[in-house]
Amino acid sequence: MQPRLSNLLGRIVIACMLISLRPANAQTPAPAGAPATPIQQLVVIFQENISFDHYFGTYPFALNPEGEPAFYAYPNTPSVNGFSPAVLNNNANVSNPANSSGAYAPFRLDRSQASTADQDHDYLAEQVAYHSGLVDLFPMSTGSAGPPPTNIPQAGTTGLVMGYYDGNTVTAYWNYAQHFAMNDNSYGTTYGPSTVGAINLISGQTNGVFNNTNGTGALVEDGNGGLTDISDADPAGDICSTTTGETFGMTGINIGDLLNAAGVSWGWFQGGFDTTATNPNGSTGCNRSTTSLITNTLKSDYIPHHEPFQYYKSTQNLTHKRPTSTATIGQAGDAANHQYDINDFYAAVSAGNMPAVSFLKAPGFEDGHAGYSDPLDEQTFVVHVINFLQKTPYWASTAVVIAYDDSDGWYDHQMPPIVNQSATASDAVTGTGTCGSGIAALAGVNTGTAHAQGRCGYGPRLPMMVISPYAKQNFVDHSMTDQSSIIRFIEDNWLNGQRIGQGSFDAIAGPIDNMFDFTATPNSVSFLLSEASGEPLNPAQAASPQSSKARHAGSH
């Protein structure tokens, strides 16, 4: 599948990427249960299916056409590893004939095109797209044609995968980047879709599958007599899981187990988890659903394979039992076992019972997943959460991390580094059936059997942001991080640096500490945005066109 020259080039590129992968020093951990930093509450907003370039490829420069919310950057806004002139004007995906009619350079999607078709984000397809470091097979490998949208040439081709948004659509995110911190070198822990990313978020590993039913399409042999998850399947036993499709469970432990052992309160809060509630449209039970105003698509609020704690016996709540009371939310020993509805998060915080660690999963229509959600619905959810938190007494000691489960296959020009090799029929980064085979061993990177096959990583580059009074302002962090870096922060902040073990990537994850400044006076000024437009509610907090022109002039 790969020409010899391409293989050689890829090996040279990837070998270079394996240099200096040791993570930077993290914050000195405190005794278990007592925060090591001023952050006493962490909120992880875990969204769906966005590559870094898809949202930030042209940051901080937006086109600003008439009729769309305007975005202007503050002077001295740092640059990101986004689209260079070469990427925009001499893109390798255009010149590769394998892309056929989908051979397009990156192009801007405007606000009226917020609704798009879903792209291919399978473990193998994503690897093929990077083509041994050439990064030139996205339309062929992960591209899916629209509609939607319908009013652009790329929409009817697999070249839709090259589309990106700017600050006139993902306006809230760009404004948050101006006032807080973001990372432009963060990756999926491994390749693969939602289930893979969700499990990596809480355990840093995807091997240890058991109780598999209705097929094995989501699994590969791990090389140690077990199975590794590389695709989507529902958690076995969840009352809302499929009865005909593939399901499985996970052995081992996750971050919830460590928090329980240390007596630290926590919870996973997901839209639609409360099956006793009834939506305004009359839907209830596992069928609670909402129609997106943008995509006009009716989508279930609760999506079982997005709920990672349901795969583990120790942290699952398969029957969706309700918490005994608002006061018990986040506490160990309660019937809900730390698994809640998104509405329970607002109730707990409002009642003065905010857990130390909260994972938030939006209702399906607001999670950002192309095909049934979109950037505008997603923005509404994220802004609502952050506006809500800023109005509570907890905000002074809270950090919000915005992260994603996978890239959806959307184009990103940055070749991910290989920190863990794999060699299965579903691997293809450095050739047919290989992900760094022979290269990682030379570099001394994670070649032990504990890391298992089917865990080729890192995967595609994803957005990561930190919103907090302690976040560095208008700051871009270039430190290498991944989804398990969030686990590492929790472990270092509350668990005295304890690690999950059993091959978890948390042991090698780069810390997110560089996005914080714990030595400075925290920023006590609220930064509230419009849920509809993403623009600051206080106009004085928006940059002016004049300042943006000055920034643009200074960049040349």
# chains A, B, ... in the order shown; residues from 1 in each chain; ligands from 1
>>> select_by_dssp(residues="stretch 148-368 of chain A", states="helix (DSSP H, G or I)", output="number ranges by chain")
A: 153-156, 158-162, 171-179, 194-203, 255-262, 285-287, 304-306, 308-311, 326-328, 342-350, 364-366
>>> write_last_selection(atoms="C-alpha atoms", output="mmCIF file, in the first residue's frame")
data_model
loop_
_atom_site.group_PDB
_atom_site.id
_atom_site.type_symbol
_atom_site.label_atom_id
_atom_site.label_comp_id
_atom_site.auth_asym_id
_atom_site.auth_seq_id
_atom_site.Cartn_x
_atom_site.Cartn_y
_atom_site.Cartn_z
ATOM 1 C CA PRO A 153 -17.912 22.718 -4.578
ATOM 2 C CA GLN A 154 -16.276 20.537 -1.924
ATOM 3 C CA ALA A 155 -19.611 19.517 -0.387
ATOM 4 C CA GLY A 156 -20.302 16.793 -2.926
ATOM 5 C CA THR A 158 -14.671 13.610 0.006
ATOM 6 C CA GLY A 159 -12.723 16.889 -0.040
ATOM 7 C CA LEU A 160 -15.223 18.136 2.556
ATOM 8 C CA VAL A 161 -12.801 16.671 5.110
ATOM 9 C CA MET A 162 -10.436 19.597 4.397
ATOM 10 C CA THR A 171 -16.332 32.474 18.177
ATOM 11 C CA ALA A 172 -16.569 31.424 21.809
ATOM 12 C CA TYR A 173 -13.525 29.190 21.577
ATOM 13 C CA TRP A 174 -11.423 31.897 19.968
ATOM 14 C CA ASN A 175 -12.525 34.371 22.628
ATOM 15 C CA TYR A 176 -11.678 31.909 25.379
ATOM 16 C CA ALA A 177 -8.251 31.475 23.797
ATOM 17 C CA GLN A 178 -7.744 35.237 24.017
ATOM 18 C CA HIS A 179 -8.482 35.344 27.740
ATOM 19 C CA SER A 194 -15.417 7.917 20.492
ATOM 20 C CA THR A 195 -15.311 4.823 22.700
ATOM 21 C CA VAL A 196 -11.534 4.688 22.382
ATOM 22 C CA GLY A 197 -11.135 8.345 23.307
ATOM 23 C CA ALA A 198 -13.565 8.153 26.210
ATOM 24 C CA ILE A 199 -11.852 5.142 27.766
ATOM 25 C CA ASN A 200 -8.425 6.733 27.270
ATOM 26 C CA LEU A 201 -9.700 9.826 29.101
ATOM 27 C CA ILE A 202 -10.410 7.888 32.299
ATOM 28 C CA SER A 203 -7.850 5.060 32.203
ATOM 29 C CA ILE A 255 -9.287 7.319 37.603
ATOM 30 C CA GLY A 256 -12.596 6.965 39.442
ATOM 31 C CA ASP A 257 -11.229 4.007 41.395
ATOM 32 C CA LEU A 258 -8.204 6.034 42.498
ATOM 33 C CA LEU A 259 -10.385 8.968 43.539
ATOM 34 C CA ASN A 260 -12.655 6.661 45.535
ATOM 35 C CA ALA A 261 -9.707 5.123 47.352
ATOM 36 C CA ALA A 262 -8.475 8.607 48.311
ATOM 37 C CA GLY A 285 -36.394 6.807 29.281
ATOM 38 C CA CYS A 286 -33.466 5.815 27.097
ATOM 39 C CA ASN A 287 -35.232 7.567 24.210
ATOM 40 C CA PRO A 304 -24.080 4.804 25.699
ATOM 41 C CA HIS A 305 -20.701 4.402 24.028
ATOM 42 C CA HIS A 306 -19.755 7.931 25.113
ATOM 43 C CA PRO A 308 -16.628 5.331 29.703
ATOM 44 C CA PHE A 309 -17.245 4.559 33.385
ATOM 45 C CA GLN A 310 -20.078 2.206 32.350
ATOM 46 C CA TYR A 311 -17.506 -0.247 30.937
ATOM 47 C CA THR A 326 -28.445 16.244 45.832
ATOM 48 C CA ALA A 327 -26.200 16.125 48.903
ATOM 49 C CA THR A 328 -24.885 12.658 47.950
ATOM 50 C CA ILE A 342 -26.017 16.637 33.254
ATOM 51 C CA ASN A 343 -28.831 18.379 35.147
ATOM 52 C CA ASP A 344 -27.498 16.865 38.360
ATOM 53 C CA PHE A 345 -24.289 18.844 37.940
ATOM 54 C CA TYR A 346 -26.127 22.162 37.948
ATOM 55 C CA ALA A 347 -28.253 21.020 40.888
ATOM 56 C CA ALA A 348 -25.264 19.914 42.967
ATOM 57 C CA VAL A 349 -23.244 23.066 42.349
ATOM 58 C CA SER A 350 -26.241 25.294 43.047
ATOM 59 C CA GLY A 364 -26.036 14.435 21.902
ATOM 60 C CA PHE A 365 -27.275 17.436 19.938
ATOM 61 C CA GLU A 366 -24.791 19.716 21.744
#
>>> residues_around(residues="A:Leu227", least_positions_apart="5", cutoff="6 Å", atoms="only C-alpha atoms", output="JSON, numbers by chain")
{"A": [207, 208, 209, 220, 221, 222]}
>>> write_last_selection(atoms="N, CA and C atoms", output="short mmCIF file (atom, residue, chain, number, x, y, z; two decimals), in the first residue's frame")
data_model
loop_
_atom_site.label_atom_id
_atom_site.label_comp_id
_atom_site.auth_asym_id
_atom_site.auth_seq_id
_atom_site.Cartn_x
_atom_site.Cartn_y
_atom_site.Cartn_z
N ASN A 207 -6.73 -1.63 26.39
CA ASN A 207 -6.67 -3.09 26.45
C ASN A 207 -7.33 -3.57 27.74
N GLY A 208 -7.69 -4.87 27.75
CA GLY A 208 -8.39 -5.42 28.90
C GLY A 208 -9.87 -5.62 28.66
N VAL A 209 -10.27 -5.79 27.41
CA VAL A 209 -11.68 -5.99 27.07
C VAL A 209 -12.14 -7.39 27.49
N VAL A 220 -9.09 -5.94 18.63
CA VAL A 220 -7.95 -6.66 18.07
C VAL A 220 -7.25 -7.38 19.21
N GLU A 221 -6.50 -8.42 18.90
CA GLU A 221 -5.74 -9.14 19.92
C GLU A 221 -4.61 -8.25 20.41
N ASP A 222 -4.40 -8.24 21.73
CA ASP A 222 -3.42 -7.33 22.30
C ASP A 222 -2.00 -7.88 22.33
#
>>> closest_residue(among="A:Met464, A:Met140, A:Ala509, A:Ala471", to="A:Asn96", atoms="only C-alpha atoms")
A:Met140
>>> residues_around(residues="A:Leu109", least_positions_apart="4", cutoff="12 Å", atoms="only C-alpha atoms", output="ChimeraX atom specification")
/A:54-55,57-58,62-63,65,113-116,148-155,160-170,375
>>> residues_around(residues="stretch 83-89 of chain A", least_positions_apart="2", cutoff="10 Å", atoms="only C-alpha atoms", output="PyMOL selection string")
chain A and resi 53+56-59+80-81+91-94+104-107+412-414
>>> residues_around(residues="A:Asp120", least_positions_apart="5", cutoff="8 Å", atoms="only C-alpha atoms", output="list in words")
Ala125, Glu126, Ser141, Thr142, Gly143, Ser144, Asp408 and Gly409 of chain A
>>> closest_residue(among="A:Pro97, A:Gly431, A:Pro38, A:Gly459", to="A:Thr190", atoms="only C-alpha atoms")
A:Gly459
>>> closest_residue(among="A:Val43, A:Phe269, A:Cys435, A:Ser79", to="A:Val400", atoms="only C-alpha atoms")
A:Val43
>>> select_by_dssp(residues="stretch 301-416 of chain A", states="strand (DSSP E or B)", output="list in words")
Tyr312, Gln339, Tyr340, Asp341, Val357, Ser358, Phe359, Leu360, Lys361, Ala370, Ser373, Thr398, Ala399, Val400, Val401, Ile402, Ala403 and Tyr404 of chain A
>>> residues_around(residues="A:Ala423", least_positions_apart="5", cutoff="8 Å", atoms="only C-alpha atoms", output="list in words")
Gly433, Thr434, Cys435, Ser437, Gln453 and Gly454 of chain A
>>> write_last_selection(atoms="C-alpha atoms", output="PDB file, in the first residue's frame")
ATOM      1  CA  GLY A 433       0.230  -3.512   9.345  1.00  0.00           C
ATOM      2  CA  THR A 434       2.702  -1.304  11.188  1.00  0.00           C
ATOM      3  CA  CYS A 435       2.672   1.682  13.498  1.00  0.00           C
ATOM      4  CA  SER A 437       7.349  -1.085  14.171  1.00  0.00           C
ATOM      5  CA  GLN A 453      -1.101  -4.153  20.405  1.00  0.00           C
ATOM      6  CA  GLY A 454      -3.886  -2.026  18.936  1.00  0.00           C
TER       7      GLY A 454
END
>>> atom_distance(atom1="atom CA of A:Gly249", atom2="atom CA of A:Thr319")
15.2 Å
>>> atom_distance(atom1="atom CA of A:Asp118", atom2="atom CA of A:Asp238")
25.7 Å
>>> atom_distance(atom1="atom CA of A:Ala396", atom2="atom CA of A:Ser524")
7.1 Å
